[in-house]
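Enquirer: Just so it is clear, I am handing over work_28.txt, which has compact mmCIF, C-alpha atoms.
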# COMPACT_ATOMS: atom_id res chain seq x y z
CA MET A 1 -18.74 -9.71 -18.67
CA SER A 2 -17.17 -11.43 -21.62
CA GLU A 3 -13.47 -11.23 -22.32
CA GLU A 4 -13.11 -10.58 -26.01
CA PRO A 5 -10.15 -12.03 -27.86
CA MET A 6 -7.52 -9.52 -28.82
CA ASP A 7 -8.69 -7.95 -32.00
CA GLU A 8 -6.82 -6.03 -34.64
CA LEU A 9 -7.26 -2.72 -32.89
CA THR A 10 -5.72 -4.14 -29.75
CA ARG A 11 -2.81 -5.49 -31.75
CA LEU A 12 -2.32 -2.07 -33.26
CA LEU A 13 -2.37 -0.46 -29.85
CA ARG A 14 0.16 -2.92 -28.51
CA GLU A 15 2.51 -2.08 -31.35
CA GLU A 16 1.93 1.64 -31.59
CA TYR A 17 0.91 3.01 -28.20
CA ASN A 18 3.99 3.85 -26.13
CA PRO A 19 5.94 0.70 -27.05
CA PRO A 20 8.46 0.37 -24.20
CA PRO A 21 12.18 0.08 -24.90
CA GLU A 22 14.30 -2.28 -22.86
CA ALA A 23 14.44 -1.25 -19.22
CA PRO A 24 17.69 0.54 -18.29
CA ARG A 25 18.07 -1.68 -15.22
CA ASP A 26 21.58 -0.80 -14.14
CA GLU A 27 21.15 2.89 -14.75
CA MET A 28 18.01 2.99 -12.66
CA TRP A 29 19.52 0.84 -9.90
CA ALA A 30 22.52 3.13 -9.68
CA ALA A 31 20.24 6.13 -9.16
CA LEU A 32 17.95 4.21 -6.83
CA SER A 33 20.61 2.66 -4.61
CA ALA A 34 22.03 6.11 -3.92
CA ARG A 35 18.66 7.01 -2.40
CA LEU A 36 18.19 3.88 -0.29
CA GLU A 37 18.70 4.84 3.30
CA PRO A 38 19.38 2.19 5.90
CA ARG A 39 16.14 0.76 7.19
CA ASP A 40 16.10 1.00 10.95
CA SER A 41 12.74 2.09 12.20
CA GLY A 42 13.16 0.14 15.41
CA VAL A 43 9.83 -1.46 14.63
CA ILE A 44 9.65 -5.15 13.83
CA PRO A 45 8.28 -5.53 10.28
CA LEU A 46 4.77 -6.94 10.00
CA GLU A 47 5.89 -10.03 8.15
CA VAL A 48 8.57 -10.84 10.73
CA ALA A 49 6.14 -10.25 13.59
CA ARG A 50 3.64 -12.59 11.99
CA ARG A 51 6.16 -15.31 11.41
CA ARG A 52 7.19 -15.14 15.04
CA ARG A 53 3.53 -15.19 16.02
CA SER A 54 2.99 -18.45 14.23
CA ALA A 55 5.78 -20.15 16.18
CA PRO A 56 4.47 -22.72 18.68
CA VAL A 57 4.26 -21.46 22.25
CA ARG A 58 2.79 -23.12 25.29
CA ARG A 59 -0.59 -21.48 25.49
CA SER A 60 -0.90 -21.25 29.26
CA LEU A 61 2.46 -19.52 29.47
CA ALA A 62 1.86 -17.36 26.48
CA TRP A 63 -1.47 -15.85 27.43
CA GLY A 64 -0.50 -15.21 31.00
CA ALA A 65 2.82 -13.63 30.13
CA ALA A 66 1.32 -11.54 27.37
CA ALA A 67 -1.58 -10.31 29.48
CA ALA A 68 0.77 -9.38 32.30
CA ALA A 69 3.13 -7.66 29.88
CA VAL A 70 0.29 -5.70 28.32
CA LEU A 71 -0.79 -4.47 31.72
CA VAL A 72 2.74 -3.44 32.64
CA VAL A 73 3.36 -1.71 29.32
CA GLY A 74 -0.08 -0.16 29.52
CA VAL A 75 0.67 1.40 32.88
CA GLY A 76 3.93 2.73 31.46
CA ILE A 77 2.21 4.21 28.46
CA GLY A 78 -0.53 5.65 30.61
CA ARG A 79 2.08 7.51 32.61
CA MET A 80 4.07 8.52 29.55
CA THR A 81 1.04 9.90 27.74
CA ALA A 82 -0.63 11.38 30.78
CA PRO A 83 -0.38 14.96 29.46
CA MET A 84 -2.15 13.92 26.28
CA THR A 85 -4.89 12.04 28.10
CA PRO A 86 -5.15 13.95 31.34
CA THR A 87 -8.23 12.23 32.62
CA ALA A 88 -6.81 8.73 32.25
CA PRO A 89 -6.38 6.97 35.57
CA PRO A 90 -3.62 4.40 36.00
CA VAL A 91 -4.56 1.39 33.95
CA ALA A 92 -4.18 -1.07 36.79
CA GLU A 93 -6.80 0.84 38.77
CA ALA A 94 -9.09 1.19 35.80
CA THR A 95 -9.11 -2.51 35.12
CA PRO A 96 -12.17 -4.19 36.56
CA ASP A 97 -11.70 -7.44 38.43
CA PRO A 98 -11.42 -10.14 35.81
CA PRO A 99 -13.84 -13.01 35.78
CA THR A 100 -12.12 -15.59 37.93
CA GLY A 101 -10.83 -18.70 36.35
CA THR A 102 -11.47 -17.64 32.77
CA GLU A 103 -8.49 -16.80 30.66
CA GLY A 104 -10.75 -15.44 27.97
CA GLY A 105 -12.43 -13.04 30.37
CA VAL A 106 -9.16 -11.61 31.64
CA LEU A 107 -7.86 -11.34 28.16
CA ARG A 108 -10.93 -9.50 26.97
CA VAL A 109 -10.62 -6.96 29.77
CA VAL A 110 -6.98 -6.38 28.89
CA ALA A 111 -7.86 -6.08 25.22
CA VAL A 112 -10.65 -3.61 25.89
CA GLU A 113 -8.31 -1.44 27.94
CA HIS A 114 -5.81 -1.54 25.14
CA LEU A 115 -8.41 -0.69 22.53
CA GLU A 116 -9.51 2.34 24.52
CA ARG A 117 -5.97 3.69 24.59
CA THR A 118 -5.55 2.97 20.91
CA GLU A 119 -8.80 4.75 20.13
CA ALA A 120 -7.52 7.85 21.92
CA LEU A 121 -4.38 7.81 19.78
CA LEU A 122 -6.30 7.31 16.55
CA ARG A 123 -8.65 10.17 17.34
CA MET A 124 -5.71 12.46 18.01
CA VAL A 125 -3.99 11.42 14.77
CA ARG A 126 -7.22 11.95 12.85
CA ALA A 127 -7.72 15.39 14.36
CA ASP A 128 -4.11 16.37 13.66
CA GLY A 129 -4.41 14.89 10.20
CA ALA A 130 -7.29 17.19 9.36
CA ALA A 131 -4.79 20.02 9.80
CA GLY A 132 -2.30 18.16 7.59
CA LYS A 133 0.25 17.44 10.30
CA VAL A 134 1.00 15.05 13.10
CA ASP A 135 2.76 15.66 16.39
CA PRO A 136 6.12 13.81 16.27
CA ALA A 137 5.61 12.87 19.94
CA VAL A 138 2.79 10.61 18.77
CA GLY A 139 5.46 8.26 17.43
CA ALA A 140 6.54 7.06 20.88
CA TRP A 141 2.92 6.60 21.89
CA ALA A 142 2.19 4.60 18.74
CA ARG A 143 5.27 2.44 19.26
CA GLY A 144 4.13 1.54 22.75
CA LEU A 145 0.66 0.65 21.55
CA LEU A 146 2.14 -1.36 18.70
CA THR A 147 4.14 -3.38 21.20
CA GLN A 148 0.99 -4.02 23.23
CA THR A 149 -0.98 -4.94 20.14
CA ARG A 150 1.63 -7.52 19.22
CA LEU A 151 1.71 -8.91 22.72
CA LEU A 152 -2.03 -9.46 22.52
CA LEU A 153 -1.72 -10.99 19.07
CA ASP A 154 0.97 -13.31 20.40
CA ILE A 155 -1.58 -15.10 22.55
CA PRO A 156 -2.50 -18.20 20.57
CA GLN A 157 -6.22 -18.89 20.27
CA GLY A 158 -6.92 -16.82 23.31
CA GLN A 159 -8.75 -14.01 21.66
CA ASP A 160 -12.24 -13.38 20.43
CA PRO A 161 -11.88 -13.70 16.61
CA SER A 162 -13.42 -10.29 15.98
CA ILE A 163 -10.97 -8.66 18.41
CA GLN A 164 -8.13 -10.67 16.89
CA GLU A 165 -9.02 -9.35 13.45
CA LEU A 166 -9.34 -5.81 14.78
CA LEU A 167 -5.93 -6.08 16.45
CA GLU A 168 -4.38 -7.21 13.19
CA ASP A 169 -5.73 -4.15 11.41
CA LEU A 170 -4.63 -1.92 14.26
CA GLU A 171 -1.15 -3.41 14.00
CA LEU A 172 -0.93 -2.18 10.41
CA VAL A 173 -2.37 1.24 11.21
CA LEU A 174 0.05 1.70 14.12
CA VAL A 175 3.02 0.72 11.93
CA GLN A 176 1.85 3.39 9.48
CA ILE A 177 1.57 6.01 12.22
CA VAL A 178 5.09 5.22 13.44
CA GLY A 179 6.24 5.56 9.84
CA VAL A 180 4.53 8.95 9.44
CA THR A 181 6.24 10.35 12.51
CA GLU A 182 9.62 9.15 11.23
CA VAL A 183 9.10 10.62 7.76
CA ALA A 184 7.84 13.86 9.30
CA VAL A 185 11.38 14.70 10.36
CA GLY A 186 12.78 16.63 7.41
CA ASN A 187 10.36 15.74 4.64
CA GLU A 188 7.05 17.49 5.06
CA ALA A 189 5.68 16.76 1.61
CA ARG A 190 6.17 13.02 1.99
CA ALA A 191 4.93 13.13 5.56
CA ARG A 192 1.68 14.70 4.34
CA GLU A 193 1.32 12.00 1.73
CA GLU A 194 2.01 9.21 4.22
CA LEU A 195 -0.39 10.80 6.67
CA GLY A 196 -3.05 10.83 3.98
CA LEU A 197 -2.55 7.12 3.38
CA THR A 198 -2.67 6.43 7.11
CA LEU A 199 -5.89 8.38 7.57
CA ASP A 200 -7.31 6.58 4.57
CA GLY A 201 -6.36 3.28 6.23
CA ILE A 202 -8.11 4.28 9.46
CA GLU A 203 -11.29 5.12 7.56
CA ARG A 204 -11.18 2.21 5.14
CA ARG A 205 -10.63 -0.37 7.87
CA GLU A 206 -13.27 1.33 10.01
CA VAL A 207 -11.12 0.69 13.06
CA LEU A 208 -12.69 3.41 15.19
CA SER A 209 -16.23 2.15 14.75
CA ARG A 210 -15.03 -1.42 15.29
CA ILE A 211 -13.33 -0.41 18.52
CA GLN A 212 -16.54 1.23 19.67
CA ALA A 213 -18.39 -1.96 18.91
CA VAL A 214 -16.08 -3.86 21.28
CA VAL A 215 -15.61 -1.35 24.07
CA PRO A 216 -18.65 -1.30 26.37
CA PRO A 217 -20.54 2.02 26.46
CA GLY A 218 -19.31 4.27 29.23
CA ALA A 219 -16.04 2.40 29.59
CA GLY A 220 -14.00 5.20 28.05
CA LEU A 221 -10.80 6.31 29.74
CA ALA A 222 -12.33 9.60 30.73
CA GLY A 223 -15.14 7.93 32.53
CA THR A 224 -13.40 5.14 34.40
CA MET B 1 15.76 -18.94 -1.13
CA THR B 2 11.99 -18.42 -1.38
CA ASP B 3 10.37 -15.07 -2.17
CA THR B 4 9.15 -14.85 1.41
CA GLU B 5 12.69 -15.29 2.71
CA VAL B 6 14.05 -12.68 0.31
CA VAL B 7 11.35 -10.22 1.35
CA GLY B 8 12.05 -10.99 5.00
CA ARG B 9 15.74 -10.26 4.53
CA ALA B 10 14.97 -7.03 2.73
CA GLN B 11 12.64 -6.06 5.57
CA GLY B 12 15.57 -6.58 7.87
CA GLY B 13 17.53 -4.00 5.88
CA ASP B 14 19.45 -6.30 3.52
CA GLN B 15 20.00 -4.24 0.35
CA ALA B 16 21.30 -7.25 -1.58
CA ALA B 17 17.96 -8.96 -0.96
CA PHE B 18 16.19 -5.83 -2.12
CA ARG B 19 18.33 -5.84 -5.26
CA ALA B 20 17.12 -9.36 -5.93
CA LEU B 21 13.54 -8.16 -5.63
CA TYR B 22 14.39 -5.27 -7.94
CA ASP B 23 15.88 -7.59 -10.55
CA ALA B 24 12.87 -9.87 -10.44
CA ASN B 25 10.36 -7.07 -10.96
CA VAL B 26 11.96 -4.09 -12.64
CA ASP B 27 11.34 -5.09 -16.25
CA ARG B 28 7.58 -5.45 -15.83
CA ILE B 29 7.31 -2.36 -13.71
CA TYR B 30 9.30 -0.26 -16.16
CA ARG B 31 7.27 -1.52 -19.13
CA LEU B 32 4.03 -0.60 -17.42
CA MET B 33 5.37 2.78 -16.36
CA TYR B 34 6.46 3.46 -19.94
CA ARG B 35 3.06 2.48 -21.33
CA MET B 36 1.42 4.82 -18.86
CA ALA B 37 3.85 7.72 -19.20
CA GLY B 38 4.90 7.50 -22.84
CA GLU B 39 8.43 8.71 -22.29
CA ASP B 40 11.60 7.31 -20.87
CA ASP B 41 12.40 10.02 -18.33
CA LEU B 42 9.04 9.76 -16.65
CA ALA B 43 9.01 5.97 -16.81
CA GLN B 44 12.41 5.85 -15.10
CA ASP B 45 11.32 8.36 -12.48
CA PHE B 46 8.15 6.43 -11.68
CA THR B 47 9.99 3.12 -11.58
CA GLN B 48 12.65 4.40 -9.21
CA GLU B 49 10.09 6.14 -7.03
CA ALA B 50 8.04 2.94 -6.81
CA PHE B 51 11.02 0.89 -5.65
CA LEU B 52 12.12 3.61 -3.27
CA ARG B 53 8.70 3.72 -1.64
CA ALA B 54 8.58 -0.05 -1.50
CA TRP B 55 11.90 -0.01 0.36
CA GLN B 56 10.65 2.63 2.77
CA ARG B 57 7.36 0.83 3.37
CA LEU B 58 8.57 -2.75 3.54
CA ASP B 59 7.44 -2.81 7.17
CA GLN B 60 3.89 -2.51 5.90
CA PHE B 61 4.06 -5.47 3.54
CA ARG B 62 1.78 -8.03 5.14
CA GLY B 63 2.38 -10.97 2.85
CA ASN B 64 -1.34 -11.34 2.12
CA ALA B 65 -0.66 -10.78 -1.57
CA ALA B 66 2.43 -11.53 -3.63
CA PHE B 67 5.25 -9.02 -3.26
CA SER B 68 4.96 -8.30 -6.97
CA THR B 69 1.30 -7.35 -6.60
CA TRP B 70 2.09 -5.07 -3.67
CA LEU B 71 4.92 -3.45 -5.59
CA HIS B 72 2.76 -2.95 -8.68
CA ALA B 73 0.09 -1.29 -6.55
CA ILE B 74 2.67 1.21 -5.35
CA ALA B 75 3.98 1.75 -8.87
CA VAL B 76 0.55 2.35 -10.41
CA SER B 77 -0.27 4.79 -7.63
CA VAL B 78 3.01 6.64 -8.19
CA ALA B 79 2.40 6.83 -11.93
CA LEU B 80 -1.19 8.00 -11.68
CA ASN B 81 -0.27 10.70 -9.19
CA GLY B 82 2.71 11.74 -11.29
CA LEU B 83 0.72 11.86 -14.50
CA ARG B 84 -1.92 14.08 -12.97
CA LYS B 85 0.77 16.68 -12.59
CA VAL B 86 1.84 16.50 -16.21
CA ASP B 87 -0.06 17.73 -19.22
CA ARG B 88 -0.63 14.49 -21.02
CA HIS B 89 -1.13 16.10 -24.43
CA ARG B 90 2.07 18.05 -24.11
CA ARG B 91 3.86 14.78 -23.36
CA ARG B 92 2.14 13.24 -26.37
CA GLU B 93 3.87 15.65 -28.71
CA ARG B 94 7.25 14.59 -27.42
CA SER B 95 6.31 10.94 -27.40
CA LEU B 96 5.21 11.00 -31.02
CA GLU B 97 8.42 12.66 -32.08
CA ASP B 98 10.37 10.00 -30.24
CA ALA B 99 8.32 7.14 -31.65
CA ALA B 100 8.39 8.06 -35.33
CA PRO B 101 11.78 6.51 -36.21
CA VAL B 102 10.95 3.30 -34.34
CA ALA B 103 8.04 2.52 -36.65
CA ALA B 104 9.95 3.02 -39.86
CA GLY B 105 10.33 0.01 -42.13
CA ARG B 106 7.10 -1.83 -41.34
CA ARG B 107 3.44 -1.29 -42.15
CA GLU B 108 3.23 1.90 -40.19
CA LEU B 109 0.59 4.41 -39.27
CA ASP B 110 1.04 7.85 -40.68
CA VAL B 111 1.62 10.54 -38.14
CA GLY B 112 -2.00 11.66 -38.20
CA ALA B 113 -3.37 8.17 -37.61
CA ARG B 114 -0.89 7.50 -34.84
CA GLU B 115 -1.86 10.73 -33.20
CA ARG B 116 -5.57 9.92 -33.38
CA LEU B 117 -4.93 6.53 -31.89
CA ALA B 118 -2.82 7.94 -29.09
CA GLU B 119 -5.28 10.70 -28.33
CA ALA B 120 -8.12 8.23 -28.17
CA VAL B 121 -6.28 6.25 -25.50
CA ASP B 122 -5.06 9.36 -23.70
CA ASP B 123 -8.59 10.71 -23.50
CA LEU B 124 -9.97 7.61 -21.82
CA PRO B 125 -10.90 8.11 -18.18
CA GLU B 126 -7.96 7.14 -16.01
CA ILE B 127 -9.65 4.06 -14.56
CA TYR B 128 -10.41 2.66 -18.02
CA ARG B 129 -7.07 3.56 -19.54
CA THR B 130 -5.10 1.91 -16.74
CA VAL B 131 -6.94 -1.39 -17.10
CA LEU B 132 -6.67 -1.27 -20.91
CA LEU B 133 -2.91 -0.73 -20.78
CA MET B 134 -2.40 -3.44 -18.19
CA HIS B 135 -4.61 -6.07 -19.82
CA ASP B 136 -4.48 -5.53 -23.57
CA LEU B 137 -1.03 -4.04 -23.96
CA GLU B 138 0.95 -5.66 -21.16
CA GLY B 139 -0.93 -8.92 -20.70
CA TYR B 140 -1.87 -8.73 -17.02
CA GLY B 141 -4.75 -11.00 -16.01
CA HIS B 142 -7.86 -9.61 -14.42
CA GLY B 143 -6.97 -11.32 -11.14
CA ASP B 144 -3.65 -9.49 -11.04
CA ILE B 145 -5.21 -6.19 -12.06
CA ALA B 146 -7.85 -6.54 -9.37
CA GLY B 147 -5.18 -7.16 -6.74
CA ILE B 148 -3.06 -4.25 -7.91
CA LEU B 149 -5.88 -1.73 -8.19
CA GLY B 150 -7.74 -2.99 -5.13
CA VAL B 151 -10.98 -3.59 -7.00
CA PRO B 152 -13.07 -6.72 -7.58
CA GLU B 153 -12.15 -8.80 -10.62
CA GLY B 154 -15.54 -8.03 -12.18
CA THR B 155 -14.77 -4.34 -11.98
CA SER B 156 -11.55 -4.87 -13.88
CA LYS B 157 -13.44 -6.73 -16.60
CA ALA B 158 -16.13 -4.07 -16.78
CA ARG B 159 -13.57 -1.28 -17.06
CA LEU B 160 -11.77 -3.07 -19.86
CA SER B 161 -14.99 -3.60 -21.73
CA ARG B 162 -15.92 0.08 -21.40
CA ALA B 163 -12.44 1.17 -22.48
CA ARG B 164 -12.70 -0.91 -25.63
CA GLU B 165 -16.18 0.36 -26.37
CA ARG B 166 -15.08 3.95 -26.02
CA LEU B 167 -12.06 3.41 -28.22
CA ARG B 168 -14.16 1.89 -30.96
CA ALA B 169 -16.67 4.70 -30.69
CA THR B 170 -13.98 7.38 -30.74
CA LEU B 171 -11.94 5.95 -33.57
CA GLY B 172 -14.85 4.77 -35.69
CA ASP B 173 -13.51 3.86 -39.12
CA ALA B 174 -10.35 5.90 -38.72
CA MET B 175 -8.18 2.83 -38.19
CA LYS B 176 -9.88 0.59 -40.73
CA GLU B 177 -7.14 0.72 -43.33
CA TYR B 178 -4.53 -0.24 -40.74
CA VAL B 179 -6.31 -3.10 -39.01
CA GLY B 180 -7.13 -4.97 -42.15
Output the file's structure in the form of structure tokens.

Expert:
Amino acid sequence: MSEEPMDELTRLLREEYNPPPEAPRDEMWAALSARLEPRDSGVIPLEVARRRRSAPVRRSLAWGAAAAAVLVVGVGIGRMTAPMTPTAPPVAEATPDPPTGTEGGVLRVVAVEHLERTEALLRMVRADGAAGKVDPAVGAWARGLLTQTRLLLDIPQGQDPSIQELLEDLELVLVQIVGVTEVAVGNEARAREELGLTLDGIERREVLSRIQAVVPPGAGLAGT
Amino acid sequence: MTDTEVVGRAQGGDQAAFRALYDANVDRIYRLMYRMAGEDDLAQDFTQEAFLRAWQRLDQFRGNAAFSTWLHAIAVSVALNGLRKVDRHRRRERSLEDAAPVAAGRRELDVGARERLAEAVDDLPEIYRTVLLMHDLEGYGHGDIAGILGVPEGTSKARLSRARERLRATLGDAMKEYVG
């Protein structure tokens, strides 16, 4: 596809089609700043989380601590969300014995457990989203899973690259879900719009099918 | 302070840092919004809405692209959604009235020619018009446009080419006397 040099018609367009005046910077800032609410979602921004992630940590300490923390948080979330996932057994019981002596094996088991819980959340959000709403209680669930996701991402070089990439996409989707539940309080129109973007993100990143590709068949929460 | 640091501070809730990001980007954003909307009120609304949403969604900025690209993507989305709710031809009437005095004193199009030109651009499919305005009128590169619209660079080039073809086909010889 060739890029043609600007011809006379283009020059005419540049001069005649909606030529912009100087931006009224201060006027717009005055109106804008009155609408800027303090940012305090309680969620660590993606960029900050990623910077922290890149900080050097002793691997043996990091993976062990993170895996243990994920299990603990997972049990907590399992209890907290029990009414929403009634067939879910306590995570510690559902976790198969890890392959002995292999950090990667343990980590994979923990990650798979986490992905199953995340899948359950995403399916609920998608189902709610089809009705144009989302249960505000989902926010606490998503926050917990976001914390777990970040714990898993904090493990340097301990993760299967495909799972690592999936976790990074899930991190973004979970941040969006938390955001939707916060917007939902008092601003339904914007909440619907944000929900639409979130659902679009779930579909576009194909996170559900990617989770299914990682989670072994029959290993779903309901069946373990 | 680097851009990354400024963004990081804004993500932490620092409004002064966000003001710095505003100052660095508002002129380009407003220009593009004005080109797309054709009137000051709408351009200001879209610009403010874009920055407001950026502030609210800073958590979601991943740093994979430049902040400016991310912000432009929000702004273009805001404008396109906003424009779908407005009758573009009705806006055109107001825009032409506003623009007439600006052109006085130079080799100017008569009202009829200006209207034909504007209608030809207005009638372009949205995907072609957006690329045409960004590239030919505001000087964005295809790499930037691709990042902002979330399409491959080749798609940006193809859309520009089609937009130009359609304009030439629509306008035919109507602009000949003005383009020399």

Enquirer: Please list as a list in words every residue within 12 Å of B:Met1, counting all atoms listed in the file and excluding residues in the same chain fewer than 4 positions away.

Expert: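 Those residues are Glu5, Val6, Val7, Gly8, Arg9, Ala17, Ala20 and Leu21 of chain B.
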
Enquirer: Record the distance separating atom CA of A:Gly139 and atom CA of A:Val178, expressed in Å with one decimal.

Expert: 5.0 Å

Enquirer: Can you check which residues of chain B have any atom within 7 Å of chain A? Use only C-alpha atoms and format it as a PyMOL selection string.

Expert: chain B and resi 8+11+13+27+30-31+34-35+38+44+48+52+59-63+118+136-137+157-158+179

Enquirer: Could you please determine the separation between atom CA of B:Leu149 and atom CA of B:Leu171 in Å, to one decimal place?

Expert: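 Straight-line distance from atom CA of B:Leu149 to atom CA of B:Leu171 works out to 27.2 Å.
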
Enquirer: Go through A:Arg126, A:Arg150, A:Arg190, A:Arg143 one by one, measure the shortest atom-to-atom distance of each to A:Leu166 using all atoms listed in the file, and give the residue with the smallest value.

Expert: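 The shortest atom-to-atom distance to A:Leu166 comes from A:Arg150.
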
Enquirer: Distance atom CA of A:Gly129-atom CA of B:Val78, one decimal place?

Expert: 21.5 Å

Enquirer: Which neighbours of B:Leu42 fall inside 10 Å, counting all atoms listed in the file, when residues of the same chain fewer than 5 positions from it are skipped, and could you give them as a PyMOL selection string?

Expert: chain B and resi 33-34+36-37+47-48+79+82-83+86+91

Enquirer: Write the residues of the preceding selection, restricted to C-alpha atoms, as a PDB file, in the coordinates of the input.

Expert:
ATOM      1  CA  MET B  33       5.370   2.780 -16.360  1.00  0.00           C
ATOM      2  CA  TYR B  34       6.460   3.460 -19.940  1.00  0.00           C
ATOM      3  CA  MET B  36       1.420   4.820 -18.860  1.00  0.00           C
ATOM      4  CA  ALA B  37       3.850   7.720 -19.200  1.00  0.00           C
ATOM      5  CA  THR B  47       9.990   3.120 -11.580  1.00  0.00           C
ATOM      6  CA  GLN B  48      12.650   4.400  -9.210  1.00  0.00           C
ATOM      7  CA  ALA B  79       2.400   6.830 -11.930  1.00  0.00           C
ATOM      8  CA  GLY B  82       2.710  11.740 -11.290  1.00  0.00           C
ATOM      9  CA  LEU B  83       0.720  11.860 -14.500  1.00  0.00           C
ATOM     10  CA  VAL B  86       1.840  16.500 -16.210  1.00  0.00           C
ATOM     11  CA  ARG B  91       3.860  14.780 -23.360  1.00  0.00           C
TER      12      ARG B  91
END
